[in-house]
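Enquirer: Mind looking over this structure? Questions follow.
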Amino acid sequence: MDTNALTDYLRAQATEFLRALRRHRESGAGASGGGAGAGGPGRTAPPADDVDAVRALRRAARRISGTLHTFQPLLDASWAEEMRPELAWLSGTLAMEHAYASRLERLLQALHRLSGSSAFPAPRPVGRATAATTAATAATLPTGVPAPARPASPDRGNLTVGAAKAGALLDRQLTLARTRAHSTALQALGSSRFHAVADKVALLASEVPLRVTARPNRGAAAPEATPSDLRPLAAAAEERLADAVTALPLVAAGSPYNAQALVHGLSPDPAPHPQDAPWHQVRLLLRLHRYALEALAGADAASAGDPGDVVDVRLLAAGEALDRHRDASEAAAAAAQAARTPRIAPATAYALGVLHADQRHEVEAARYAFQHSWRKEPIRLP
């Protein structure tokens with residue numbers, strides 16, 4: 001398979017990027033999404049089309065950046081090295097607002113589940129959050145409904161006392177971070193740096209700069225691209241993923257709640273726990289592997305005479321488990337950070353500690369789900 005499949009895939013992703021950018025501009029979000037009062041209680045939610053457009057921008061940017069990383073030997077080296085960090089900056093900047101909103105919703109739901117109390121603040125709509133998300137949060141956190149009647153232990157009573165204040169503290173901290181992330185995203189989308197990235201993606205939609213070599217004869221008018229097989233580079237990406245998975249403690253993750261790993265996960269060190277870093281790296285390598293398969297899928301299906309898409313269910317399940325792992329580990333870090341707030345009440349600190357432990361349990365459950373799905377035989381569905 002030569003580089004035609006690679007150029008077709010990159011052009012398709014660049015076209016998706018430009019289409020999403022046009023939808024974002026047509027939604028008028030830049031004119032209505034900023035301001036210091038973005039988190040105000042009377043603020044209306046932005047259009048759902050703008051939310052979809054920003055997600056599509058992030059998705060296309062990730063795929064272009066990941067494809068440039070995997071198949072860089074086939075591309076112009078200076079161009080690829082210049083494009084990748086810019087696309088990573090854009091994708092990461094646009095992802096922060098959604099990450100803070102999802103983290104707050106996850107933590108408030110966990111507090112409600114653990115304490116049985118309903119006295120939590122509902123996440124306020126900020127920036128590009130949809131009205132559907134706000135309604136779903138309100139449905140999971142009802143107001144004015146008493147907790148189910150049950151014999152309450154002293155620990156549960158202490159948790160209920162501090163849960164409301166813990167929820168309010170998390171709401172203040174994460175909503176502030178979310179508002180700042182929204183402002184940062186708006187500034188990024190209006191910056192000259194973003195316009196330079198968009199211009200390069202627009203050029204990519206028409207021409208992919210491949211690595212070229214000069215023709216041996218002196219009479220050659222111009223250099224030509226050297227055809228190369230994509231499969232070895234895609235196989236190398238799969239090997240890097242397999243090596244990273246092999247280094248994971250899958251034996252220790254063989255139970256849904258690993259007590260030994262949980263003890264280490266409850267370290268008071270404010271830095272991210274080193275146990276999580278290898279799992280986050282596997283998540284990134286799995287994503288690169290999926291993008292490489294997407295680049296190969298069109299030509300493979302055409303050569304096999306099969307018009308249907310081929311889906312590896314194992315990769316999908318493993319990716320979902322690693323996404324849950326990332327969300328739970330970041331939520332646990334947010335709870336631990338809130339617990340370090342000076343001069344908070346002991347009951348509030350206790351509730352945040354229980355919440356932190358709960359999210360670390362979710363981390364271990366996600367690791368178990370990953371190893372359970374990864375060790376299954378690949379399933380290919382037409």
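Scheme for the structure tokens: letters A, B, ... for chains in order shown; per-chain residue numbers from 1; ligand numbers from 1 in order shown.
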Tell me which protein, DNA and RNA residues are within 12 Å of Leu74 in chain A, counting only C-alpha atoms, leaving out same-chain ones fewer than 4 positions away, and put them as a ChimeraX atom specification.

Expert: /A:2-7,67-70,78-80,208-213,225-234

Enquirer: Extract, using only C-alpha atoms, all DNA, RNA and protein residues at most 8 Å from Ala292 in chain A, discarding same-chain residues fewer than 2 positions from it, and format them as JSON, numbers by chain.

Expert: {"A": [67, 70, 234, 237, 288, 289, 290, 294, 295, 296]}

Enquirer: With N, CA, C and O atoms retained, write the just-selected residues as a PDB file, in the first residue's frame.

Expert:
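Output file out_35.pdb is given in full below:
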```
ATOM      1  N   THR A  67      -1.773  10.998  13.170  1.00  0.00           N
ATOM      2  CA  THR A  67      -1.324  10.417  11.905  1.00  0.00           C
ATOM      3  C   THR A  67       0.038  10.957  11.509  1.00  0.00           C
ATOM      4  O   THR A  67       0.891  10.219  10.997  1.00  0.00           O
ATOM      5  N   THR A  70       2.604   8.974  13.576  1.00  0.00           N
ATOM      6  CA  THR A  70       2.833   7.583  13.182  1.00  0.00           C
ATOM      7  C   THR A  70       3.552   7.483  11.842  1.00  0.00           C
ATOM      8  O   THR A  70       4.474   6.672  11.675  1.00  0.00           O
ATOM      9  N   ALA A 234       2.453   1.331  10.563  1.00  0.00           N
ATOM     10  CA  ALA A 234       1.277   1.008  11.375  1.00  0.00           C
ATOM     11  C   ALA A 234       1.566  -0.153  12.315  1.00  0.00           C
ATOM     12  O   ALA A 234       1.126  -0.166  13.469  1.00  0.00           O
ATOM     13  N   ALA A 237       3.477   1.077  15.288  1.00  0.00           N
ATOM     14  CA  ALA A 237       2.601   1.707  16.279  1.00  0.00           C
ATOM     15  C   ALA A 237       1.898   0.650  17.130  1.00  0.00           C
ATOM     16  O   ALA A 237       1.748   0.811  18.347  1.00  0.00           O
ATOM     17  N   LEU A 288      -3.312   6.258  18.973  1.00  0.00           N
ATOM     18  CA  LEU A 288      -2.478   6.298  17.765  1.00  0.00           C
ATOM     19  C   LEU A 288      -2.668   5.037  16.928  1.00  0.00           C
ATOM     20  O   LEU A 288      -2.689   5.106  15.690  1.00  0.00           O
ATOM     21  N   HIS A 289      -2.781   3.897  17.579  1.00  0.00           N
ATOM     22  CA  HIS A 289      -3.009   2.641  16.862  1.00  0.00           C
ATOM     23  C   HIS A 289      -4.345   2.671  16.126  1.00  0.00           C
ATOM     24  O   HIS A 289      -4.435   2.252  14.961  1.00  0.00           O
ATOM     25  N   ARG A 290      -5.380   3.184  16.776  1.00  0.00           N
ATOM     26  CA  ARG A 290      -6.691   3.279  16.126  1.00  0.00           C
ATOM     27  C   ARG A 290      -6.642   4.201  14.915  1.00  0.00           C
ATOM     28  O   ARG A 290      -7.223   3.891  13.863  1.00  0.00           O
ATOM     29  N   GLU A 294      -7.415   3.381  10.985  1.00  0.00           N
ATOM     30  CA  GLU A 294      -8.361   4.154  10.176  1.00  0.00           C
ATOM     31  C   GLU A 294      -7.730   4.568   8.846  1.00  0.00           C
ATOM     32  O   GLU A 294      -8.394   4.547   7.805  1.00  0.00           O
ATOM     33  N   ALA A 295      -6.453   4.939   8.884  1.00  0.00           N
ATOM     34  CA  ALA A 295      -5.776   5.336   7.658  1.00  0.00           C
ATOM     35  C   ALA A 295      -5.638   4.165   6.684  1.00  0.00           C
ATOM     36  O   ALA A 295      -5.661   4.360   5.463  1.00  0.00           O
ATOM     37  N   LEU A 296      -5.499   2.955   7.211  1.00  0.00           N
ATOM     38  CA  LEU A 296      -5.355   1.771   6.371  1.00  0.00           C
ATOM     39  C   LEU A 296      -6.687   1.180   5.939  1.00  0.00           C
ATOM     40  O   LEU A 296      -6.732   0.419   4.971  1.00  0.00           O
TER      41      LEU A 296
END
```

Enquirer: In Å, rounded to a single decimal, give me how far CA of Val161 in chain A is from CA of Ser329 in chain A.

Expert: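 Calculated distance between CA of Ser329 in chain A and CA of Val161 in chain A is 25.1 Å.
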
Enquirer: Could you pull the residues within 12 Å of Ala242 in chain A, counting only C-alpha atoms, minus those fewer than 6 positions along the same chain, as JSON, numbers by chain?

Expert: {"A": [235, 236, 248, 281, 282, 283, 285, 286, 289, 374, 375]}

Enquirer: Which residues come within 12 Å of Thr341 in chain A, counting only C-alpha atoms, excluding same-chain residues fewer than 3 positions away, as a list in words?

Expert: Ala166, Leu169, Leu170, Arg172, Gln173, Ala334, Ala335, Ala336, Gln337, Ala338, Ile344, Ala345, Pro346, Thr348, Ala349 and Leu352 of chain A

Enquirer: Between A:Ala61, A:Gly319, A:Asp50, A:Ala339, which residue has the minimum interatomic distance to Lys165 in chain A, considering only C-alpha atoms?

Expert: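 Looking at the shortest contact to Lys165 in chain A, the residue is A:Ala339.
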
Enquirer: Name the residues in contact with Phe17 in chain A at a cut-off of 9 Å, using only C-alpha atoms, excluding same-chain residues fewer than 4 positions from it; report them as a PyMOL selection string.

Expert: chain A and resi 12-13+21-22+56-61+198+201-202

Enquirer: Nearest to Ala185 in chain A: which of A:Lys376, A:Arg11, A:His98, A:Arg62 is it, counting only C-alpha atoms?

Expert: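 For Ala185 in chain A, the nearest of the given residues is A:His98.
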
Enquirer: Between A:Leu111, A:Lys200, A:Val245, A:Ala163, which one has atoms that come closest to Asp358 in chain A, using only C-alpha atoms?

Expert: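 Among A:Leu111, A:Lys200, A:Val245, A:Ala163, it is A:Leu111 that comes nearest to Asp358 in chain A.
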
Enquirer: Expressed in Å to a single decimal, how great is the separation between CA of Arg84 in chain A and CA of His182 in chain A?

Expert: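 Interatomic distance here is 23.0 Å.
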
Enquirer: Near Met96 in chain A, within 8 Å and counting only C-alpha atoms, which residues show up once chain neighbours fewer than 4 positions away are dropped, as a list in words?

Expert: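 Once the adjacent positions are removed, what remains is Gly92, Tyr100, Arg178, Ala181 and His182 of chain A.
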
Enquirer: Please produce an output containing C-alpha atoms for each residue in the selection, written as a CSV table (one decimal), in the first residue's frame.

Expert:
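In the end it all went to out.csv:
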```
chain,number,residue,atom,x,y,z
A,92,GLY,CA,-5.8,20.4,24.4
A,100,TYR,CA,-13.8,20.6,34.0
A,178,ARG,CA,-14.0,26.0,33.8
A,181,ALA,CA,-10.7,27.5,30.4
A,182,HIS,CA,-13.7,28.9,28.4
```
